[in-house]
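Here's the structure, in structure tokens; my notes come after.
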Amino acid sequence: GYVYQAKTRLAPLFRSFGSAERADRLESEAARLKERFEQQFWMEDEQFYAIALDGAKRQVHSVASNAGHILMSGIASPERARAVAGRLVAGDMFSGYGIRTMSTDASGYNPMSYHDGSIW
């Protein structure tokens, strides 16, 4: 998400400074990145993005708060961004005090663990 955001925000700057070729390249790279991201990370059954891909490029099938970072980057489609935002405040992720780092439905959930269920 951060790489996508950087490329899409820098392209107009390069264009305004007369470097249209570099801007075009950044926009093209960002578009390809967005397409790959959506294909590789979206978990249809969870309506959420996977936290990672393993060494074999398979999704690590876990719902974690990290996906919230992509909301401000623009890489998520509007529909999927709404689904992620909704899931972050659903009962398995939102405690009433904050967002958990991992869903209470996950096999590794541990509310005492910093990245496996504690609240941000």
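Lettering and numbering for the structure tokens are positional, with chains as A, B, ... in the shown order, residues counted from 1 in each chain, and ligands counted from 1 in the shown order.
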
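Backbone DSSP over stretch 13-107 of chain A gives strand (DSSP E or B) for Trp42, Met43, Phe48, Tyr49, Ala52, Leu53, Gln59, Val60, Ala64, Phe94, Ile99, Arg100 and Met102 of chain A.
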
_Residue with smallest distance to A:Arg25 - pool A:Pro12, A:Phe48, A:Ser77, A:Gly68, counting only C-alpha atoms_ =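 Result for the nearest residue to A:Arg25: A:Pro12.
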
*So which bits of stretch 7-117 of chain A end up helix (DSSP H, G or I) when you DSSP the backbone, as number ranges by chain?*
A: 7-16, 20-41, 65-72, 78-88

*Write out as a ChimeraX atom specification the residues lying within 7 Å of A:Ala11, counting only C-alpha atoms and excluding same-chain residues fewer than 2 positions away.*
/A:7-9,13-15,23,26-27

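One distance worth recording is that between atom CA of A:Gly96 and atom CA of A:Ser62, which is 21.1 Å.
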
*Which residue gives the smallest distance to A:Arg100 among A:His115, A:Lys34, A:Arg58, A:Arg22, with only C-alpha atoms counted?*
A:His115
